[in-house]
Amino acid sequence: MLFRSQYDYCAAYLDFFNDEPTQARAIAQKYVAHPVDRWRNTFQTIIAQLDEAEGKDAQVVDPKDRDQQQGALAATEPSFEFQVEGGQIQLAYQNLKQVRVNYYLMDVELLFSRNPFVQQFRGQFSAIKPNQAATINLAEGQPADAKPGSGTRKIPLPEALRNRNVLVEVIGAGQTRTVAYYAHSLSVQVIENYGQVRVTRAEGGRPVSRAYVKVYAQSSDGRVKFYKDGYTDLRGRFDYASLSTDDLGGVRKFAILILSDDHGALVREATPPKQ
């Protein structure tokens, strides 16, 4: 036998799957003074989650609920993530007042040859002075109603580095993240089932011939070794998997560097072909 509270909880729960819940809060509000602790806490938790989704601080409704405690603690922890696209850093952060951004110029082929399966290359720059650095005050330029210490920020790359291959390192609250930024105008299609890459121009889609391709393979036991290299043909294609030996059978994954004098460089990873 189901009670009205159970029906209402199911309706509020299902409303969470909408992009903008419209019924859950109204349903939950009816139970904020419910005499049964379990149901009162259940619906207050719904309200707390809706509040957090709107940018308010996370609240613990039931101190005995470990998930709620963990969620509230996580909401107070400094953290950030970022990516680099279109010549700018796109930073998402919480509980941070400032970050330091370091820029390191990269020799992509050299770094790739040293460590082809770690595109961030962070360890190889740990003792090197950055080519440029900046400290960013995250409160500057934020809307007046923004949650203090949390939000998103777009940080343009320095003009002198925008068309260079750069390792971007962001440091904040004792945490360090790195992303390798490749300045290129390439579009690369990796056709894993047949062990081929197809390289074209990002604008217009014309094939890029004579792009240098360097391939390393990681075997099932974790060893990494040079596999093959060569150049794309007139169609912009290169077969990165085929060899005259049986080495392909022991490969777990490939790391592939595509390097063009005119169109830049980038790195892709691929699994061995199934054909």
# chains A, B, ... in the order shown; residues from 1 in each chain; ligands from 1
>>> select_by_dssp(residues="stretch 128-270 of chain A", states="helix (DSSP H, G or I)", output="PyMOL selection string")
chain A and resi 159-161+192-194+247-250
>>> write_last_selection(atoms="N, CA, C and O atoms", output="mmCIF file, in the first residue's frame")
data_model
loop_
_atom_site.group_PDB
_atom_site.id
_atom_site.type_symbol
_atom_site.label_atom_id
_atom_site.label_comp_id
_atom_site.auth_asym_id
_atom_site.auth_seq_id
_atom_site.Cartn_x
_atom_site.Cartn_y
_atom_site.Cartn_z
ATOM 1 N N GLU A 159 49.655 36.926 -26.215
ATOM 2 C CA GLU A 159 49.691 37.094 -27.670
ATOM 3 C C GLU A 159 50.900 36.405 -28.291
ATOM 4 O O GLU A 159 50.803 35.772 -29.347
ATOM 5 N N ALA A 160 52.066 36.503 -27.632
ATOM 6 C CA ALA A 160 53.305 35.933 -28.193
ATOM 7 C C ALA A 160 53.281 34.407 -28.215
ATOM 8 O O ALA A 160 54.079 33.787 -28.929
ATOM 9 N N LEU A 161 52.374 33.778 -27.463
ATOM 10 C CA LEU A 161 52.344 32.314 -27.368
ATOM 11 C C LEU A 161 51.132 31.697 -28.064
ATOM 12 O O LEU A 161 51.018 30.482 -28.121
ATOM 13 N N GLU A 192 40.318 3.633 -36.363
ATOM 14 C CA GLU A 192 40.982 2.590 -35.590
ATOM 15 C C GLU A 192 40.798 1.197 -36.175
ATOM 16 O O GLU A 192 41.716 0.372 -36.129
ATOM 17 N N ASN A 193 39.624 0.892 -36.714
ATOM 18 C CA ASN A 193 39.374 -0.458 -37.226
ATOM 19 C C ASN A 193 40.316 -0.843 -38.365
ATOM 20 O O ASN A 193 40.536 -2.030 -38.627
ATOM 21 N N TYR A 194 40.871 0.172 -39.050
ATOM 22 C CA TYR A 194 41.759 -0.108 -40.179
ATOM 23 C C TYR A 194 43.162 0.452 -39.969
ATOM 24 O O TYR A 194 43.985 0.406 -40.875
ATOM 25 N N ASP A 247 54.630 -7.592 -34.998
ATOM 26 C CA ASP A 247 54.634 -6.795 -33.769
ATOM 27 C C ASP A 247 53.247 -6.293 -33.380
ATOM 28 O O ASP A 247 52.978 -6.019 -32.208
ATOM 29 N N LEU A 248 52.350 -6.165 -34.352
ATOM 30 C CA LEU A 248 51.031 -5.624 -34.062
ATOM 31 C C LEU A 248 50.285 -6.466 -33.034
ATOM 32 O O LEU A 248 49.513 -5.932 -32.222
ATOM 33 N N GLY A 249 50.531 -7.754 -33.032
ATOM 34 C CA GLY A 249 49.801 -8.643 -32.137
ATOM 35 C C GLY A 249 50.010 -8.346 -30.661
ATOM 36 O O GLY A 249 49.150 -8.665 -29.838
ATOM 37 N N GLY A 250 51.117 -7.728 -30.292
ATOM 38 C CA GLY A 250 51.392 -7.456 -28.888
ATOM 39 C C GLY A 250 51.079 -6.038 -28.461
ATOM 40 O O GLY A 250 51.387 -5.636 -27.328
#
>>> residues_around(residues="A:Val224", least_positions_apart="6", cutoff="10 Å", atoms="only C-alpha atoms", output="compact mmCIF listing (two decimals) with N, CA and C atoms, in the first residue's frame")
# COMPACT_ATOMS: atom_id res chain seq x y z
N ASN A 115 58.18 10.73 -23.96
CA ASN A 115 57.05 10.21 -23.20
C ASN A 115 55.78 10.29 -24.03
N PRO A 116 55.62 9.40 -25.00
CA PRO A 116 54.52 9.54 -25.96
C PRO A 116 53.12 9.36 -25.39
N PHE A 117 52.98 8.68 -24.26
CA PHE A 117 51.65 8.40 -23.73
C PHE A 117 51.25 9.33 -22.58
N TYR A 216 54.37 5.54 -31.65
CA TYR A 216 54.91 4.68 -30.60
C TYR A 216 53.83 3.70 -30.18
N ALA A 217 54.25 2.51 -29.72
CA ALA A 217 53.31 1.48 -29.30
C ALA A 217 53.57 1.10 -27.85
N GLN A 218 52.50 0.85 -27.12
CA GLN A 218 52.60 0.32 -25.77
C GLN A 218 52.11 -1.12 -25.80
N VAL A 251 50.45 -5.23 -29.36
CA VAL A 251 50.22 -3.82 -29.07
C VAL A 251 48.90 -3.64 -28.32
N LYS A 253 48.01 -0.20 -27.23
CA LYS A 253 47.54 1.07 -27.79
C LYS A 253 48.69 1.79 -28.47
N PHE A 254 48.33 2.75 -29.32
CA PHE A 254 49.29 3.57 -30.06
C PHE A 254 49.22 5.01 -29.59
N ALA A 255 50.36 5.69 -29.64
CA ALA A 255 50.42 7.15 -29.53
C ALA A 255 50.93 7.66 -30.87
>>> closest_residue(among="A:Asp233, A:Glu109, A:Glu20, A:Glu85", to="A:Ile256", atoms="only C-alpha atoms")
A:Glu109
>>> closest_residue(among="A:Arg100, A:Arg198, A:Arg223, A:Lys30", to="A:Arg177", atoms="only C-alpha atoms")
A:Arg100
>>> atom_distance(atom1="atom CA of A:Arg201", atom2="atom CA of A:Ser185")
6.0 Å
>>> residues_around(residues="stretch 210-214 of chain A", least_positions_apart="3", cutoff="8 Å", atoms="only C-alpha atoms", output="list of chain:residue names")
A:Lys228, A:Asp229, A:Gly230, A:Tyr231, A:Thr232, A:Asp233, A:Leu234, A:Gly236, A:Phe238, A:Ile256, A:Leu257, A:Ile258, A:Leu259, A:Ser260, A:Asp261
>>> write_last_selection(atoms="C-alpha atoms", output="PDB file, in the first residue's frame")
ATOM      1  CA  LYS A 228      57.025   3.378 -37.205  1.00  0.00           C
ATOM      2  CA  ASP A 229      57.054   6.778 -38.886  1.00  0.00           C
ATOM      3  CA  GLY A 230      56.417   8.262 -42.294  1.00  0.00           C
ATOM      4  CA  TYR A 231      54.452  10.893 -44.185  1.00  0.00           C
ATOM      5  CA  THR A 232      50.839  11.307 -45.221  1.00  0.00           C
ATOM      6  CA  ASP A 233      50.102  10.658 -48.889  1.00  0.00           C
ATOM      7  CA  LEU A 234      48.282  12.893 -51.375  1.00  0.00           C
ATOM      8  CA  GLY A 236      46.276  12.975 -46.314  1.00  0.00           C
ATOM      9  CA  PHE A 238      48.839   7.309 -43.271  1.00  0.00           C
ATOM     10  CA  ILE A 256      50.503   9.106 -32.795  1.00  0.00           C
ATOM     11  CA  LEU A 257      52.197  12.447 -33.432  1.00  0.00           C
ATOM     12  CA  ILE A 258      51.092  14.383 -36.545  1.00  0.00           C
ATOM     13  CA  LEU A 259      53.447  17.235 -37.427  1.00  0.00           C
ATOM     14  CA  SER A 260      53.068  19.668 -40.335  1.00  0.00           C
ATOM     15  CA  ASP A 261      55.439  22.538 -41.053  1.00  0.00           C
TER      16      ASP A 261
END
>>> closest_atom_pairs(of="stretch 175-229 of chain A", to="stretch 239-245 of chain A", cutoff="7 Å", atoms="only C-alpha atoms", output="Markdown table")
| residue | atom | partner | partner_atom | distance |
| --- | --- | --- | --- | --- |
| A:Gly195 | CA | A:Ala241 | CA | 5.0 |
| A:Gln196 | CA | A:Asp239 | CA | 4.4 |
| A:Val197 | CA | A:Asp239 | CA | 6.6 |
| A:Val215 | CA | A:Tyr240 | CA | 6.7 |
>>> atom_distance(atom1="atom CA of A:Thr176", atom2="atom CA of A:Pro78")
11.9 Å
>>> closest_residue(among="A:Ile171, A:Ile89, A:Ala202, A:Ile27", to="A:Gln189", atoms="only C-alpha atoms")
A:Ala202
>>> select_by_dssp(residues="stretch 72-256 of chain A", states="strand (DSSP E or B)", output="NGL selection string")
:A and (79-85 or 88-94 or 98-105 or 132-137 or 151-156 or 166-172 or 175-181 or 184 or 186-191 or 196-201 or 207 or 212-219 or 224-231 or 237-239 or 251-256)
>>> atom_distance(atom1="atom CA of A:Phe16", atom2="atom CA of A:Gln44")
14.4 Å
